[in-house]
Amino acid sequence: MDQFSRPVAPDAEALLANLRREGTPRRVHYMELFLDGEVQQAICERFDLTAGIRPGDPHLAEKRQIALQRFLGYDYVFTGLEGVDFPVWRSTIADTGPLPRAGGRTYQDEHRGPIMSWQDFEKYPWPDPHAATDRAMAWYEKNLPDDMCLIPTARGHFAEHLTWLMGYETLCFSLYDQRDLVQAIADRLLAIYRVVMERLLQFERVRAVWASDDMGFKTATLISPDDLRQFVLPGHKALAEMAHAAARPYLLHSCGNLHEILPDLLDDVKIDAKHSFEDTFELVTDAKADYGGRCALLGGIDVDFLCRADEPAIRKRVRQTLDVCTPGGGYCLGSGNSVANYIPVDSYLVMMDEGRRYAG
């Protein structure tokens with residue numbers, strides 16, 4: 001695909017009104033958790049999006065991101081603090097995608113992690129969120145076009161870091177015989193993410209925050225709903241309260257089947273938008289009917305579908321999804337998870353183009 005059918009002018013205020021479900025939007029809005037670097041590079045090269053940006057420009061990455069987001073039709077730039085990194089143990093596997101990563105993909109060692117005992121907890125090199133850099137955010141604050149906004153990552157990896165830091169297997173055993181250690185890790189995570197959130201909310205161009213925390217798999221949550229209620233959801237509730245106190249929506253990405261804790265997310269945590277939908281257990285069109293009046297829904301064009309479907313099928317599914325999800329607002333078009341490097345770039349662009357063509 002070499003061109004879009006029509007241009008899209010960013011409109012951050014309209015995006016936010018759509019997220020707040022303030023009525024059917026005048027056009028389709030788009031959101032993605034992220035586009036893999038290879039996909040971004042392929043699009044920039046195909047459409048010559050970095051023309052005019054000096055190669056040695058110290059803010060080349062930020063200017064490139066603005067050019068890419070505007071070209072694709074997004075109303076925002078996704079960013080965040082840099083340097084809030086948690087050392088974890090990972091293994092590598094070969095990547096067989098059409099746009100391979102250098103060095104291959106990684107997967108988590110689920111048998112063990114860097115924190116398996118109180119001794120490990122005490123000697124673990126916890127990151128200092130005060131020392132993280134906001135260089136990119138500070139530049140965006142002054143230079144982002146007026147019709148766009150910042151939607152940074154609030155991180156909020158409570159469930160993910162419990163599994164990454166302990167190893168999923170160790171976490172499961174610890175939920176039986178080391179619950180105090182699990183609680184200590186959860187408390188430390190919240191202390192770190194509170195500082196992250198405080199720093200993000202200092203920027204006026206930040207108009208919403210996006211947390212990312214995979215809590216489930218195909219059929220259920222990764223740990224019991226009660227354990228999520230004790231060790232994970234309080235962290236998200238605290239961050240959501242901070243965001244709401246600053247009049248910013250709290251968006252949540254979480255992979256997996258979350259049906260058992262959905263009432264907690266809506267009524268207690270009070271998320272403003274839910275992201276990540278998979279055809280194997282929840283269509284976004286079903287979610288619109290079930291709880292689309294209570295929070296916004298993001299994405300939902302299944303990743304596996306995007307990998308396998310041809311152009312007519314993608315266009316048909318996008319139209320059918322928009323027909324159901326657009327009325328009343330509270331829906332943004334996007335993939336079911338993220339634009340991974342194994343999704344054909346043309347399939348992604350076709351999805352975006354059909355959103356431009358959609359008249360409702």
# chains A, B, ... in the order shown; residues from 1 in each chain; ligands from 1
$ residues_around --residues "Phe281 in chain A" --least-positions-apart "6" --cutoff "8 Å" --atoms "only C-alpha atoms" --output "list in words"
Lys218, Thr219 and Asn257 of chain A
$ residues_around --residues "range 342-356 of chain A" --least-positions-apart "3" --cutoff "7 Å" --atoms "only C-alpha atoms" --output "VMD selection string"
chain A and resid 1 4 to 6 28 39 97 to 99 306 to 307 311 314 to 315 318 339
$ write_last_selection --atoms "N, CA and C atoms" --output "PDB file, in the first residue's frame"
ATOM      1  N   MET A   1       0.851  -1.196   0.000  1.00  0.00           N
ATOM      2  CA  MET A   1       0.000   0.000   0.000  1.00  0.00           C
ATOM      3  C   MET A   1       0.878   1.235   0.000  1.00  0.00           C
ATOM      4  N   PHE A   4      -2.477   6.673   1.570  1.00  0.00           N
ATOM      5  CA  PHE A   4      -3.756   6.631   2.243  1.00  0.00           C
ATOM      6  C   PHE A   4      -4.818   7.285   1.368  1.00  0.00           C
ATOM      7  N   SER A   5      -6.065   6.904   1.600  1.00  0.00           N
ATOM      8  CA  SER A   5      -7.153   7.397   0.764  1.00  0.00           C
ATOM      9  C   SER A   5      -7.476   8.861   1.027  1.00  0.00           C
ATOM     10  N   ARG A   6      -7.206   9.341   2.243  1.00  0.00           N
ATOM     11  CA  ARG A   6      -7.474  10.736   2.561  1.00  0.00           C
ATOM     12  C   ARG A   6      -6.619  11.143   3.754  1.00  0.00           C
ATOM     13  N   VAL A  28     -13.003   8.686  12.850  1.00  0.00           N
ATOM     14  CA  VAL A  28     -12.389   7.592  13.599  1.00  0.00           C
ATOM     15  C   VAL A  28     -11.098   8.081  14.248  1.00  0.00           C
ATOM     16  N   VAL A  39       8.630  -1.911  12.235  1.00  0.00           N
ATOM     17  CA  VAL A  39       7.463  -1.401  11.528  1.00  0.00           C
ATOM     18  C   VAL A  39       7.573   0.108  11.350  1.00  0.00           C
ATOM     19  N   GLY A  97       9.979 -13.793  12.246  1.00  0.00           N
ATOM     20  CA  GLY A  97       9.083 -12.839  11.610  1.00  0.00           C
ATOM     21  C   GLY A  97       9.679 -12.266  10.342  1.00  0.00           C
ATOM     22  N   PRO A  98       8.841 -11.635   9.518  1.00  0.00           N
ATOM     23  CA  PRO A  98       9.329 -11.055   8.265  1.00  0.00           C
ATOM     24  C   PRO A  98      10.232  -9.859   8.482  1.00  0.00           C
ATOM     25  N   LEU A  99      10.165  -9.249   9.648  1.00  0.00           N
ATOM     26  CA  LEU A  99      11.047  -8.133   9.984  1.00  0.00           C
ATOM     27  C   LEU A  99      11.824  -8.499  11.242  1.00  0.00           C
ATOM     28  N   LEU A 306      -4.839 -10.023  11.615  1.00  0.00           N
ATOM     29  CA  LEU A 306      -4.060  -9.113  10.787  1.00  0.00           C
ATOM     30  C   LEU A 306      -2.906  -9.822  10.091  1.00  0.00           C
ATOM     31  N   CYS A 307      -2.361 -10.839  10.749  1.00  0.00           N
ATOM     32  CA  CYS A 307      -1.260 -11.593  10.141  1.00  0.00           C
ATOM     33  C   CYS A 307      -1.723 -12.444   8.963  1.00  0.00           C
ATOM     34  N   GLU A 311      -6.604  -8.189   2.158  1.00  0.00           N
ATOM     35  CA  GLU A 311      -7.083  -6.810   2.247  1.00  0.00           C
ATOM     36  C   GLU A 311      -8.603  -6.703   2.324  1.00  0.00           C
ATOM     37  N   ILE A 314      -9.761  -7.602   5.831  1.00  0.00           N
ATOM     38  CA  ILE A 314      -9.399  -6.603   6.838  1.00  0.00           C
ATOM     39  C   ILE A 314     -10.335  -5.410   6.752  1.00  0.00           C
ATOM     40  N   ARG A 315     -10.575  -4.935   5.543  1.00  0.00           N
ATOM     41  CA  ARG A 315     -11.461  -3.780   5.382  1.00  0.00           C
ATOM     42  C   ARG A 315     -12.872  -4.100   5.875  1.00  0.00           C
ATOM     43  N   VAL A 318     -12.889  -4.156   9.743  1.00  0.00           N
ATOM     44  CA  VAL A 318     -12.784  -2.810  10.305  1.00  0.00           C
ATOM     45  C   VAL A 318     -14.131  -2.104  10.232  1.00  0.00           C
ATOM     46  N   VAL A 339       1.366  -3.506  17.238  1.00  0.00           N
ATOM     47  CA  VAL A 339       1.779  -3.774  15.857  1.00  0.00           C
ATOM     48  C   VAL A 339       3.169  -4.393  15.914  1.00  0.00           C
TER      49      VAL A 339
END
$ atom_distance --atom1 "CA of His130 in chain A" --atom2 "CA of Val195 in chain A"
7.1 Å
$ closest_residue --among "A:Ala238, A:Met215, A:Leu162, A:Cys44" --to "Arg179 in chain A" --atoms "only C-alpha atoms"
A:Leu162
$ residues_around --residues "range 83-88 of chain A" --least-positions-apart "6" --cutoff "6 Å" --atoms "only C-alpha atoms" --output "PyMOL selection string"
chain A and resi 127+129+132
$ atom_distance --atom1 "CA of Gly300 in chain A" --atom2 "CA of Ala340 in chain A"
14.4 Å
$ select_by_dssp --residues "range 270-335 of chain A" --states "helix (DSSP H, G or I)" --output "list in words"
Val284, Thr285, Asp286, Ala287, Lys288, Ala289, Asp290, Tyr291, Val303, Asp304, Phe305, Leu306, Cys307, Arg308, Glu311, Pro312, Ala313, Ile314, Arg315, Lys316, Arg317, Val318, Arg319, Gln320, Thr321, Leu322, Asp323, Val324 and Cys325 of chain A
$ write_last_selection --atoms "N, CA and C atoms" --output "CSV table (one decimal), in the first residue's frame"
chain,number,residue,atom,x,y,z
A,284,VAL,N,-14.0,-7.3,20.6
A,284,VAL,CA,-14.3,-5.9,21.1
A,284,VAL,C,-15.7,-5.5,20.8
A,285,THR,N,-16.3,-6.1,19.8
A,285,THR,CA,-17.7,-5.8,19.6
A,285,THR,C,-18.6,-6.3,20.7
A,286,ASP,N,-18.3,-7.5,21.2
A,286,ASP,CA,-19.0,-8.0,22.4
A,286,ASP,C,-18.8,-7.1,23.6
A,287,ALA,N,-17.5,-6.7,23.8
A,287,ALA,CA,-17.2,-5.8,24.9
A,287,ALA,C,-18.0,-4.5,24.9
A,288,LYS,N,-18.2,-4.0,23.7
A,288,LYS,CA,-19.0,-2.8,23.5
A,288,LYS,C,-20.4,-2.9,24.1
A,289,ALA,N,-21.0,-4.1,23.8
A,289,ALA,CA,-22.3,-4.3,24.3
A,289,ALA,C,-22.3,-4.6,25.8
A,290,ASP,N,-21.3,-5.3,26.3
A,290,ASP,CA,-21.3,-5.7,27.7
A,290,ASP,C,-20.9,-4.5,28.6
A,291,TYR,N,-19.9,-3.8,28.3
A,291,TYR,CA,-19.5,-2.7,29.2
A,291,TYR,C,-18.9,-1.5,28.5
A,303,VAL,N,-4.6,-9.6,16.3
A,303,VAL,CA,-3.3,-9.6,15.8
A,303,VAL,C,-3.1,-10.8,14.8
A,304,ASP,N,-3.6,-12.0,15.2
A,304,ASP,CA,-3.5,-13.2,14.4
A,304,ASP,C,-4.3,-12.9,13.1
A,305,PHE,N,-5.5,-12.3,13.2
A,305,PHE,CA,-6.3,-12.0,12.0
A,305,PHE,C,-5.5,-11.1,11.1
A,306,LEU,N,-4.8,-10.0,11.6
A,306,LEU,CA,-4.1,-9.1,10.8
A,306,LEU,C,-2.9,-9.8,10.1
A,307,CYS,N,-2.4,-10.8,10.7
A,307,CYS,CA,-1.3,-11.6,10.1
A,307,CYS,C,-1.7,-12.4,9.0
A,308,ARG,N,-2.9,-13.0,9.0
A,308,ARG,CA,-3.4,-14.0,8.0
A,308,ARG,C,-4.4,-13.4,7.0
A,311,GLU,N,-6.6,-8.2,2.2
A,311,GLU,CA,-7.1,-6.8,2.2
A,311,GLU,C,-8.6,-6.7,2.3
A,312,PRO,N,-9.4,-7.4,1.5
A,312,PRO,CA,-10.8,-7.3,1.6
A,312,PRO,C,-11.4,-7.7,2.9
A,313,ALA,N,-10.8,-8.8,3.5
A,313,ALA,CA,-11.2,-9.2,4.8
A,313,ALA,C,-10.9,-8.2,5.9
A,314,ILE,N,-9.8,-7.6,5.8
A,314,ILE,CA,-9.4,-6.6,6.8
A,314,ILE,C,-10.3,-5.4,6.8
A,315,ARG,N,-10.6,-4.9,5.5
A,315,ARG,CA,-11.5,-3.8,5.4
A,315,ARG,C,-12.9,-4.1,5.9
A,316,LYS,N,-13.4,-5.3,5.6
A,316,LYS,CA,-14.7,-5.7,6.0
A,316,LYS,C,-14.8,-5.7,7.5
A,317,ARG,N,-13.8,-6.3,8.2
A,317,ARG,CA,-13.8,-6.4,9.6
A,317,ARG,C,-13.7,-5.0,10.3
A,318,VAL,N,-12.9,-4.2,9.7
A,318,VAL,CA,-12.8,-2.8,10.3
A,318,VAL,C,-14.1,-2.1,10.2
A,319,ARG,N,-14.8,-2.2,9.1
A,319,ARG,CA,-16.1,-1.5,8.9
A,319,ARG,C,-17.1,-2.1,9.9
A,320,GLN,N,-17.1,-3.4,10.0
A,320,GLN,CA,-18.1,-4.0,10.9
A,320,GLN,C,-17.8,-3.6,12.4
A,321,THR,N,-16.5,-3.6,12.7
A,321,THR,CA,-16.2,-3.2,14.1
A,321,THR,C,-16.6,-1.7,14.4
A,322,LEU,N,-16.3,-0.9,13.4
A,322,LEU,CA,-16.7,0.5,13.6
A,322,LEU,C,-18.2,0.7,13.7
A,323,ASP,N,-18.9,0.0,12.9
A,323,ASP,CA,-20.4,0.1,12.9
A,323,ASP,C,-20.9,-0.2,14.3
A,324,VAL,N,-20.3,-1.1,15.0
A,324,VAL,CA,-20.8,-1.5,16.4
A,324,VAL,C,-20.2,-0.6,17.4
A,325,CYS,N,-18.9,-0.3,17.3
A,325,CYS,CA,-18.2,0.4,18.4
A,325,CYS,C,-18.2,1.9,18.4
$ residues_around --residues "Asp264 in chain A" --least-positions-apart "6" --cutoff "9 Å" --atoms "only C-alpha atoms" --output "list in words"
Arg229, Leu233 and Lys270 of chain A
$ atom_distance --atom1 "CA of Leu258 in chain A" --atom2 "CA of Thr163 in chain A"
17.0 Å
$ closest_residue --among "A:Pro249, A:Gly56, A:Pro234, A:Gly256" --to "Asp268 in chain A" --atoms "only C-alpha atoms"
A:Pro234
$ select_by_dssp --residues "range 258-298 of chain A" --states "strand (DSSP E or B)" --output "NGL selection string"
:A and (273-275 or 296-298)
$ write_last_selection --atoms "N, CA and C atoms" --output "PDB file, in the first residue's frame"
ATOM      1  N   ALA A 273     -10.315   3.294  30.249  1.00  0.00           N
ATOM      2  CA  ALA A 273     -10.275   2.606  28.960  1.00  0.00           C
ATOM      3  C   ALA A 273      -9.572   1.270  29.136  1.00  0.00           C
ATOM      4  N   LYS A 274     -10.027   0.288  28.387  1.00  0.00           N
ATOM      5  CA  LYS A 274      -9.409  -1.047  28.409  1.00  0.00           C
ATOM      6  C   LYS A 274      -8.830  -1.357  27.042  1.00  0.00           C
ATOM      7  N   HIS A 275      -7.635  -1.912  27.054  1.00  0.00           N
ATOM      8  CA  HIS A 275      -6.946  -2.282  25.821  1.00  0.00           C
ATOM      9  C   HIS A 275      -6.495  -3.728  25.892  1.00  0.00           C
ATOM     10  N   ALA A 296     -13.978   3.336  27.862  1.00  0.00           N
ATOM     11  CA  ALA A 296     -13.634   3.300  26.451  1.00  0.00           C
ATOM     12  C   ALA A 296     -12.957   1.972  26.122  1.00  0.00           C
ATOM     13  N   LEU A 297     -13.027   1.593  24.864  1.00  0.00           N
ATOM     14  CA  LEU A 297     -12.424   0.355  24.364  1.00  0.00           C
ATOM     15  C   LEU A 297     -11.426   0.711  23.279  1.00  0.00           C
ATOM     16  N   LEU A 298     -10.234   0.124  23.352  1.00  0.00           N
ATOM     17  CA  LEU A 298      -9.149   0.477  22.448  1.00  0.00           C
ATOM     18  C   LEU A 298      -8.727  -0.736  21.640  1.00  0.00           C
TER      19      LEU A 298
END
$ closest_residue --among "A:Asp272, A:Asp48, A:Asp279, A:Asp134" --to "Leu16 in chain A" --atoms "only C-alpha atoms"
A:Asp272
$ closest_residue --among "A:Leu266, A:Leu81, A:Val232, A:Leu19" --to "Ala208 in chain A" --atoms "only C-alpha atoms"
A:Leu19
$ closest_residue --among "A:Gly156, A:Gly299, A:Pro125, A:Gly216" --to "Leu33 in chain A" --atoms "only C-alpha atoms"
A:Gly299
$ residues_around --residues "Ser174 in chain A" --least-positions-apart "5" --cutoff "12 Å" --atoms "only C-alpha atoms" --output "VMD selection string"
chain A and resid 112 115 to 118 162 to 163 166 to 169 179 to 185 223 227
$ write_last_selection --atoms "C-alpha atoms" --output "mmCIF file, in the first residue's frame"
data_model
loop_
_atom_site.group_PDB
_atom_site.id
_atom_site.type_symbol
_atom_site.label_atom_id
_atom_site.label_comp_id
_atom_site.auth_asym_id
_atom_site.auth_seq_id
_atom_site.Cartn_x
_atom_site.Cartn_y
_atom_site.Cartn_z
ATOM 1 C CA ARG A 112 13.336 -18.443 38.602
ATOM 2 C CA ILE A 115 14.133 -12.131 43.778
ATOM 3 C CA MET A 116 13.347 -15.555 45.214
ATOM 4 C CA SER A 117 14.059 -14.846 48.912
ATOM 5 C CA TRP A 118 14.258 -12.006 51.410
ATOM 6 C CA LEU A 162 5.890 -9.937 40.230
ATOM 7 C CA THR A 163 6.252 -12.705 37.648
ATOM 8 C CA MET A 166 10.323 -13.844 41.038
ATOM 9 C CA GLY A 167 9.747 -16.093 38.045
ATOM 10 C CA TYR A 168 6.157 -17.252 37.517
ATOM 11 C CA GLU A 169 6.809 -20.630 39.142
ATOM 12 C CA ARG A 179 3.086 -13.993 50.923
ATOM 13 C CA ASP A 180 4.886 -11.371 52.981
ATOM 14 C CA LEU A 181 7.655 -11.290 50.370
ATOM 15 C CA VAL A 182 5.130 -10.941 47.545
ATOM 16 C CA GLN A 183 3.521 -8.058 49.430
ATOM 17 C CA ALA A 184 6.892 -6.389 49.993
ATOM 18 C CA ILE A 185 7.653 -6.493 46.263
ATOM 19 C CA ILE A 223 -2.914 -15.855 39.469
ATOM 20 C CA ASP A 227 -4.494 -12.634 44.850
#
$ closest_residue --among "A:Lys237, A:Arg207, A:Arg294, A:Lys123" --to "Ile151 in chain A" --atoms "only C-alpha atoms"
A:Arg207
